[in-house]
Amino acid sequence: MADKNTTSTINLAAAEELPKAQSKFKEFVKKFMKRKTAVISLAFIVFIILMAIIGPYVVPYDPQAPDYTAMMQGPSAAHIWGTNEYGQDVFSRLMVGTRLSLTCALTATIIGTALGVILGLIAGFYGGIIDSLIMRCCDVLFAFPDILLAIAVVAIIGQGMVNVMIAVAVFTVPSFARIIRSATISVKQAPYVEVARSLGCSNMRILFVHIFPGTIQSMIVNFTMRVGTAILAASSLSFLGFGANVTEPDWGSMLSTGRNYLNTAPHMVLFPGILIFLTVLAFNLLGDGLRDTLDPKMN
Amino acid sequence: MAEKLLEVKNLRTEFKRDKTWVTAVNNVSFSIQPGEILGLVGESGCGKSVTSLSVMGLLARNSKISNGEILLNGKDLLKEDKKGMRKIRGREVAMIFQEPMNSLNPCMRIEKQLTEAILLHNNFSKEEAHNRAFEVLKSVGIPEPDMTLKSYPHQLSGGMCQRVMIAMAMSCEPELLIADEPTTALDVTIQAQILELMEEIRAKKNTGILMITHDLGVVAEMCSRVVVMYAGRIVEEAPVHDLFADPKHPYTQGLIGSVPKLGSGVESLPSIPGSVPDLSVMPKGCKFAPRCKYATDICHQQEPELVSINEAGTRKCRCHLLNKSGKEA
């Protein structure tokens with residue numbers, strides 16, 4: 001009887017000590033908000049994404065409608081970023097072009113991430129010869145400069161927007177594989193992975209249910225940074241004439257056509273250039289901010 | 001003798017180190033009956049954990065079991081394939097680990113972790129699994145199972161985490177529970193609660209428990225029999241009362257002698273001089289001889305056998321200095 005009494009008092013004490021801890025997400029948001037550059041970058045990215053979604057409905061001019069009375073005009077009240085060689089509004093074209101450029105970059109990065117994460121998880125988890133095989137293949141891909149590799153891929157599989165996405169995805173894979181591999185190696189030594197095994201979980205279950213969530217942090221950070229690179233790469237490929245059809249509004253191809261009129265209408269190069277620059281910068285700064293917020297060592 | 005739940009016979013586990021195999025556990029044999037708590041004692045690196053991991057089939061990839069049998073209810077676990085072992089783990093043998101705070105997945109709610117094992121081993125619906133999880137949490141003395149199920153591990157205290165771990169291990173009612181230093185990371189009052197809980201589970205479910213520890217206090221309180229290991233070998237096996245009343249092996253004597261006693265007023269604790277020999281450069285004779293104050297020539301030359309030292313055969317010791325009757329020669 002005496003025993004029973006002690007247990008019940010202990011239980012009461014335990015009930016009180018249960019902490020009402022702040023959720024990890026709220027804590028994360030609070031820390032993130034302190035990083036001004038990252039917040040501004042995020043705002044800019046949100047604006048760009050918004051433009052990609054609603055752009056075609058809100059821009060002042062039809063991006064494809066030529067106006068032969070106002071060709072290659074500089075910035076003015078009517079056309080704030082000027083017009084191009086067909087009299088199309090540069091601002092409208094850029095905003096609508098967001099959709100194409102961003103879709104291309106995001107799709108490519110998502111495909112590359114998915115492949116890279118799976119390869120990295122497998123390499124890190126199984127180790128041995130599988131690991132060597134995957135990582136050496138990645139090393140080969142790493143040996144090429146990104147854009148050169150993308151050009152090579154496009155050269156092999158041909159031009160067009162879809163192929164540009166594939167090309168960009170290919171050079172995204174190795175960096176993810178490498179980062180996720182090292183995250184996997186550190187997570188797989190955690191005691192809770194051994195616990196899962198001691199309860200009879202299969203390897204696949206341990207890998208995807210228990211280890212994968214532990215690597216998401218590094219994945220998110222790298223993802224934001226790679227989106228920036230992908231935008232740049234996709235634009236570069238379009239600039240070189242491998243990507244989108246020149247008549248379609250795409251950042252890279254607008255830059256490319258603008259190049260021909262650099263002396264007479266520099267604004268045709270300037271604004272697409274600035275937009276690409278700012279977007280890539282924003283993604284990189286956001287990535288930096290996320291990394292600093294998520295990394296416990298930085299606090 | 002009564003039926004045996006677990007019987008380990010001549011277990012030998014080796015590790016690969018720099019391309020050579022070193023033996024971490026050599027010729028270890030012991031058995032556990034249903035409802036019995038067997039203590040496995042020894043200092044760090046003596047092979048306690050390796051023995052338990054061998055039983056679970058959870059050894060690292062650079063290791064192998066080169067000899068022996070591990071019989072669970074008469075079934076040899078070493079002959080089971082991967083899939084067979086997965087079914088046994090969690091269902092027939094479960095394990096509790098040292099660090100409760102790190103043993104729960106920080107990214108998952110308790111409910112998901114707890115129902116995972118239940119769903120893996122039973123043909124339950126999600127709701128049945130939830131109810132079962134609720135029941136086991138209640139049975140390990142968690143006051144508000146509903147709230148705990150919804151929590152993440154970082155919201156729980158160490159003692160709560162260990163209770164959840166025990167609940168996880170017990171969720172499929174295994175017959176054998178391996179507890180690898182279950183109380184080391186907890187403070188003393190929580191330790192007592194956890195030990196009490198384990199004793200309660202044993203009494204209720206007739207679970208056999210292999211208690212791995214270096215805390216002799218835990219052994220004295222919980223176990224019915226004790227196996228003392230040194231350098232990968234069993235040096236002494238005895239019922240718990242006999243061991244504490246009359247330790248036979250010089251190493252056991254040293255271990256018990258180095259426990260502080262209340263009111264003894266000694267300034268410095270007696271200790272065993274020297275340290276555990278490195279696995280790759282083991283002494284030739286008795287592995288304890290270099291640290292033993294009674295060591296004679298034969299101790300350095302020839303390794304003693306583990307022999308019964310009393311009539312009933314309940315006590316065994318590995319020492320040259322003891323003859324069959326258990327008297328010091």
# chains A, B, ... in the order shown; residues from 1 in each chain; ligands from 1
>>> select_by_dssp(residues="segment 74-157 of chain B", states="strand (DSSP E)", output="PyMOL selection string")
chain B and resi 75-76+93-96
>>> write_last_selection(atoms="C-alpha atoms", output="mmCIF file, in the first residue's frame")
data_model
loop_
_atom_site.group_PDB
_atom_site.id
_atom_site.type_symbol
_atom_site.label_atom_id
_atom_site.label_comp_id
_atom_site.auth_asym_id
_atom_site.auth_seq_id
_atom_site.Cartn_x
_atom_site.Cartn_y
_atom_site.Cartn_z
ATOM 1 C CA LYS B 75 15.867 -21.564 -31.537
ATOM 2 C CA ASP B 76 19.352 -20.606 -32.716
ATOM 3 C CA VAL B 93 13.721 -9.680 -27.663
ATOM 4 C CA ALA B 94 13.713 -5.959 -27.064
ATOM 5 C CA MET B 95 16.392 -3.644 -25.838
ATOM 6 C CA ILE B 96 16.606 -0.534 -23.695
#
>>> residues_around(residues="Met170 of chain B", least_positions_apart="6", cutoff="12 Å", atoms="only C-alpha atoms", output="ChimeraX atom specification")
/A:199 /B:89-96,114-115,117-118,132-133,135-140,163-164,176-179,197-198,201-202,204-205,207-209
>>> closest_atom_pairs(of="segment 105-171 of chain A", to="segment 89-99 of chain A", cutoff="12 Å", atoms="only C-alpha atoms", output="tab-separated table")
residue	atom	partner	partner_atom	distance
A:Ala105	CA	A:Arg99	CA	9.9
A:Leu106	CA	A:Arg99	CA	10.3
A:Thr107	CA	A:Arg99	CA	11.6
>>> residues_around(residues="Ile206 of chain A", least_positions_apart="5", cutoff="7 Å", atoms="only C-alpha atoms", output="ChimeraX atom specification")
/A:193,196,201,211
>>> residues_around(residues="Gly68 of chain B", least_positions_apart="4", cutoff="9 Å", atoms="only C-alpha atoms", output="ChimeraX atom specification")
/B:8-13,27-29,78
>>> residues_around(residues="Gln253 of chain B", least_positions_apart="5", cutoff="10 Å", atoms="only C-alpha atoms", output="NGL selection string")
:B and (243-244 or 246-248 or 258 or 272)
>>> write_last_selection(atoms="C-alpha atoms", output="PDB file, in the first residue's frame")
ATOM      1  CA  LEU B 243      28.724 -12.939  -4.882  1.00  0.00           C
ATOM      2  CA  PHE B 244      28.439 -10.013  -2.529  1.00  0.00           C
ATOM      3  CA  ASP B 246      31.925 -14.033  -0.648  1.00  0.00           C
ATOM      4  CA  PRO B 247      33.425 -12.950  -3.981  1.00  0.00           C
ATOM      5  CA  LYS B 248      35.875 -15.586  -5.203  1.00  0.00           C
ATOM      6  CA  SER B 258      36.033  -0.365  -4.591  1.00  0.00           C
ATOM      7  CA  ILE B 272      42.288  -2.063  -8.823  1.00  0.00           C
TER       8      ILE B 272
END
>>> residues_around(residues="Asn26 of chain B", least_positions_apart="6", cutoff="12 Å", atoms="only C-alpha atoms", output="list in words")
Val8, Lys9, Asn10, Leu11, Arg12, Thr13, Glu14, Phe15, Cys46, Gly47, Lys48, Val50, Thr51, Ile65, Ser66, Asn67, Gly68, Met229, Tyr230, Ala231, Gly232, Arg233, Ile234, Val235, Leu279, Lys287 and Leu306 of chain B
>>> closest_atom_pairs(of="chain B", to="chain A", cutoff="6 Å", atoms="only C-alpha atoms", output="Markdown table")
| residue | atom | partner | partner_atom | distance |
| --- | --- | --- | --- | --- |
| B:Arg86 | CA | A:Gly200 | CA | 4.4 |
| B:Arg89 | CA | A:Gly200 | CA | 4.8 |
| B:Gly90 | CA | A:Leu199 | CA | 4.0 |
| B:Asn102 | CA | A:Pro191 | CA | 5.8 |
| B:Ser103 | CA | A:Tyr192 | CA | 4.0 |
| B:Leu104 | CA | A:Tyr192 | CA | 5.1 |
| B:Asn105 | CA | A:Tyr192 | CA | 5.4 |
| B:Ala117 | CA | A:Leu199 | CA | 6.0 |
| B:Pro143 | CA | A:Asn11 | CA | 5.7 |
| B:Gln155 | CA | A:Ala21 | CA | 5.9 |
>>> select_by_dssp(residues="segment 25-256 of chain A", states="helix (DSSP H, G or I)", output="ChimeraX atom specification")
/A:25-33,36-58,90-126,128-143,146-157,161-188,191-198,203-239,251-256
>>> atom_distance(atom1="atom CA of Ala282 of chain A", atom2="atom CA of Phe32 of chain A")
15.0 Å
>>> residues_around(residues="segment 291-305 of chain B", least_positions_apart="6", cutoff="9 Å", atoms="only C-alpha atoms", output="count of residues only")
15
